[in-house]
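Report on one structure; see the data block that follows.
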Amino acid sequence: MRVPQEVSKWHRDLFGEPFMSWRSRVRSWEEGKLIVAAVSQANLAGFCVSRHRRRSVDRMSEEEVAQALDGPERESLSPVTRALLGFAEELTLALETMSSEAVGQAIDAGASVSHLRDVVEIVAVTNVVNRMTMTLGRRPGDVRPRGPG
Amino acid sequence: MMVGKRRRGSSSEVASELLTHPLQHLAEAEGGGSSHRGSLDCHPLDEVVRTALGPGRISDPAWRTSAYEHGRAIARGGAAANTSATQPLPDLLAQLVDDVARAPDRITDEQFEALYTAGYSAEVLCELALAAALGAGVERRTTGMEAIDAWESGFTDPRGAAR
């Protein structure tokens with residue numbers, strides 16, 4: 001382990017109430033778990049992918065989750081879900097190309113402004129957590145520590 | 001565990017730096033006038049950043065500020081990513097911060113061993129990693145919300161190009 005467990009616990013004041021408040025307020029809708037998994041996959045954050053893929057399957061079919069995370073075309077997903085995933089991935093991997101046009105494309109596909117704002121929050125939280133879990137060396141199958149992840 | 005290297009200014013210097021530098025960006029991002037975002041005082045992200053960069057931590061606040069700003073610059077990409085400096089961070093820490101911001105999957109156990117051998121504590125490494133990670137998250141939130149605001153206003157995108 002790169003960082004002793006007691007340091008992770010020490011970080012509870014950082015990953016305490018404010019962070020959990022931020023995180024919890026953006027994970028309360030159906031596609032949220034799937035978007036967390038997709039962003040984590042884009043970041044190659046295996047620990048987070050494994051956790052949130054499983055949670056996504058609790059809410060969607062196995063096929064839908066597989067399409068979202070592994071299928072190049074995502075053809076079994078609704079246009080809205082495809083648009084939200086694409087928006088989240090662009091915000092994660094190609095921020096320099098993010099524009100009002102990208103927003104317009106997602107809106108045209110049926111996404112709402114409210115959903116897109118939620119996606120932005122999810123992407124921001126997930127990019128922080130992904131980076132911390134990878135820095136700390138968490139891997140799929142690790143027991144979840146208290147703190148990020 | 002190795003003892004962390006400490007180098008910090010007075011509490012007033014730290015407070016002054018925090019209130020005028022990294023949080024200013026957040027304030028500017030939050031102050032764009034859209035009611036959905038709320039004020040700087042009410043978004044939980046503000047408190048997270050304030051806690052991570054503020055007093056009461058072990059590492060040098062200037063190091064954390066540098067890590068945070070580098071995380072933002074790398075997220076912005078393009079020229080910002082090419083020119084972002086990690087001064088005053090020492091080389092080993094600068095490399096860790098850059099990896100956290102740019103490609104955290106490349107971070108290795110050996111890299112941590114080298115950092116511990118150089119005398120940096122786990123607490124210091126976590127603080128700097130978190131600062132860089134928060135920069136990555138804050139920049140994405142800011143740009144994403146700006147793009148949505150721009151679409152709603154119907155005029156320009158956040159980079160200034162006409163729709």
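Labels used: A, B, ... for chains in the order of the structure tokens, numbers from 1 for residues in each chain, and numbers from 1 for ligands as shown.
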
Distance limit 8 Å, atoms considered: only C-alpha atoms. Which chain A residues sit that close to chain B? Return them as a PyMOL selection string. chain A and resi 2-4+7+14-15+18-19+21-22+43-45+91-92+94-96+98-101+103-104+113+116-117+120-121+123-129+131-132+134-135+137

What are the DSSP alpha helix (DSSP H) residues of chain A, as a compact mmCIF listing (two decimals) with C-alpha atoms, in the first residue's frame?
```txt
# COMPACT_ATOMS: atom_id res chain seq x y z
CA GLN A 5 -4.26 3.25 6.36
CA GLU A 6 -4.00 5.75 9.20
CA VAL A 7 -3.25 8.50 6.69
CA SER A 8 -6.43 7.67 4.82
CA LYS A 9 -8.30 7.99 8.09
CA TRP A 10 -6.49 11.23 8.79
CA GLU A 17 -18.83 16.54 5.48
CA PRO A 18 -18.13 19.05 2.68
CA PHE A 19 -16.92 16.47 0.19
CA MET A 20 -19.63 13.97 1.02
CA SER A 21 -22.22 16.73 0.80
CA TRP A 22 -20.98 17.65 -2.66
CA ARG A 23 -20.77 14.03 -3.73
CA SER A 24 -24.13 12.93 -2.40
CA GLY A 32 -25.65 8.98 -12.31
CA LYS A 33 -24.00 5.70 -11.34
CA LEU A 34 -23.47 4.82 -14.97
CA ILE A 35 -21.87 8.18 -15.67
CA VAL A 36 -19.54 7.76 -12.70
CA ALA A 37 -18.52 4.37 -14.10
CA ALA A 38 -18.00 5.75 -17.61
CA VAL A 39 -15.92 8.69 -16.40
CA SER A 40 -13.87 6.33 -14.24
CA GLN A 41 -13.30 4.12 -17.24
CA ALA A 42 -12.21 7.10 -19.32
CA GLY A 46 -10.04 0.46 -12.32
CA PHE A 47 -10.98 0.54 -8.66
CA CYS A 48 -13.78 3.05 -9.27
CA VAL A 49 -14.95 1.30 -12.44
CA SER A 50 -15.35 -1.99 -10.62
CA ARG A 51 -17.35 -0.41 -7.82
CA HIS A 52 -19.65 1.70 -9.96
CA ARG A 53 -20.16 -0.83 -12.72
CA ARG A 54 -21.62 -3.12 -10.11
CA ARG A 55 -23.84 -0.36 -8.76
CA SER A 56 -25.00 0.52 -12.26
CA VAL A 57 -26.10 -3.06 -12.84
CA ASP A 58 -28.32 -2.72 -9.77
CA ARG A 59 -30.28 -0.06 -11.62
CA GLU A 62 -26.28 -5.91 -17.62
CA GLU A 63 -26.50 -5.37 -21.38
CA GLU A 64 -27.09 -1.64 -21.02
CA VAL A 65 -24.15 -1.24 -18.67
CA ALA A 66 -21.93 -3.30 -20.95
CA GLN A 67 -23.00 -1.17 -23.90
CA ALA A 68 -22.29 2.01 -22.00
CA LEU A 69 -18.85 0.97 -20.87
CA ASP A 70 -17.65 -1.41 -23.57
CA PRO A 79 -30.25 8.79 -27.29
CA VAL A 80 -30.41 10.82 -24.09
CA THR A 81 -28.20 8.41 -22.17
CA ARG A 82 -25.73 8.31 -25.07
CA ALA A 83 -25.64 12.08 -25.14
CA LEU A 84 -25.08 12.37 -21.41
CA LEU A 85 -22.27 9.83 -21.51
CA GLY A 86 -20.64 11.57 -24.45
CA PHE A 87 -20.90 14.94 -22.73
CA ALA A 88 -19.33 13.50 -19.56
CA GLU A 89 -16.48 11.91 -21.50
CA GLU A 90 -15.72 15.09 -23.43
CA LEU A 91 -15.64 17.03 -20.18
CA THR A 92 -13.25 14.45 -18.78
CA LEU A 93 -10.89 13.87 -21.68
CA SER A 100 -21.93 25.58 -26.05
CA GLU A 101 -22.16 23.51 -29.23
CA ALA A 102 -21.49 20.35 -27.24
CA VAL A 103 -24.26 21.40 -24.89
CA GLY A 104 -26.56 22.06 -27.81
CA GLN A 105 -25.90 18.62 -29.27
CA ALA A 106 -26.83 16.97 -25.98
CA ILE A 107 -29.96 19.10 -25.72
CA ASP A 108 -30.91 18.15 -29.27
CA VAL A 113 -30.12 21.58 -18.92
CA SER A 114 -30.75 20.30 -15.42
CA HIS A 115 -29.38 16.88 -16.34
CA LEU A 116 -26.32 18.42 -17.95
CA ARG A 117 -25.60 20.48 -14.85
CA ASP A 118 -25.81 17.29 -12.80
CA VAL A 119 -23.42 15.62 -15.23
CA VAL A 120 -20.94 18.46 -14.78
CA GLU A 121 -21.04 17.98 -11.02
CA ILE A 122 -20.64 14.23 -11.38
CA VAL A 123 -17.68 14.64 -13.73
CA ALA A 124 -15.99 17.07 -11.36
CA VAL A 125 -16.42 14.85 -8.30
CA THR A 126 -15.44 11.71 -10.16
CA ASN A 127 -12.29 13.26 -11.60
CA VAL A 128 -11.15 14.15 -8.09
CA VAL A 129 -11.95 10.74 -6.63
CA ASN A 130 -10.46 8.84 -9.58
CA ARG A 131 -7.19 10.71 -9.21
CA MET A 132 -7.00 10.05 -5.49
CA THR A 133 -7.77 6.35 -5.75
CA MET A 134 -5.17 5.91 -8.49
CA THR A 135 -2.60 7.95 -6.61
```

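Here CA of Pro140 (chain A) stands at a distance of 28.9 Å from CA of Arg64 (chain B).
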
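Among the candidates B:Asp98, B:Leu92, B:Thr117, B:Leu128, the residue lying nearest to Asp60 (chain B) is B:Leu128 (atoms considered: only C-alpha atoms).
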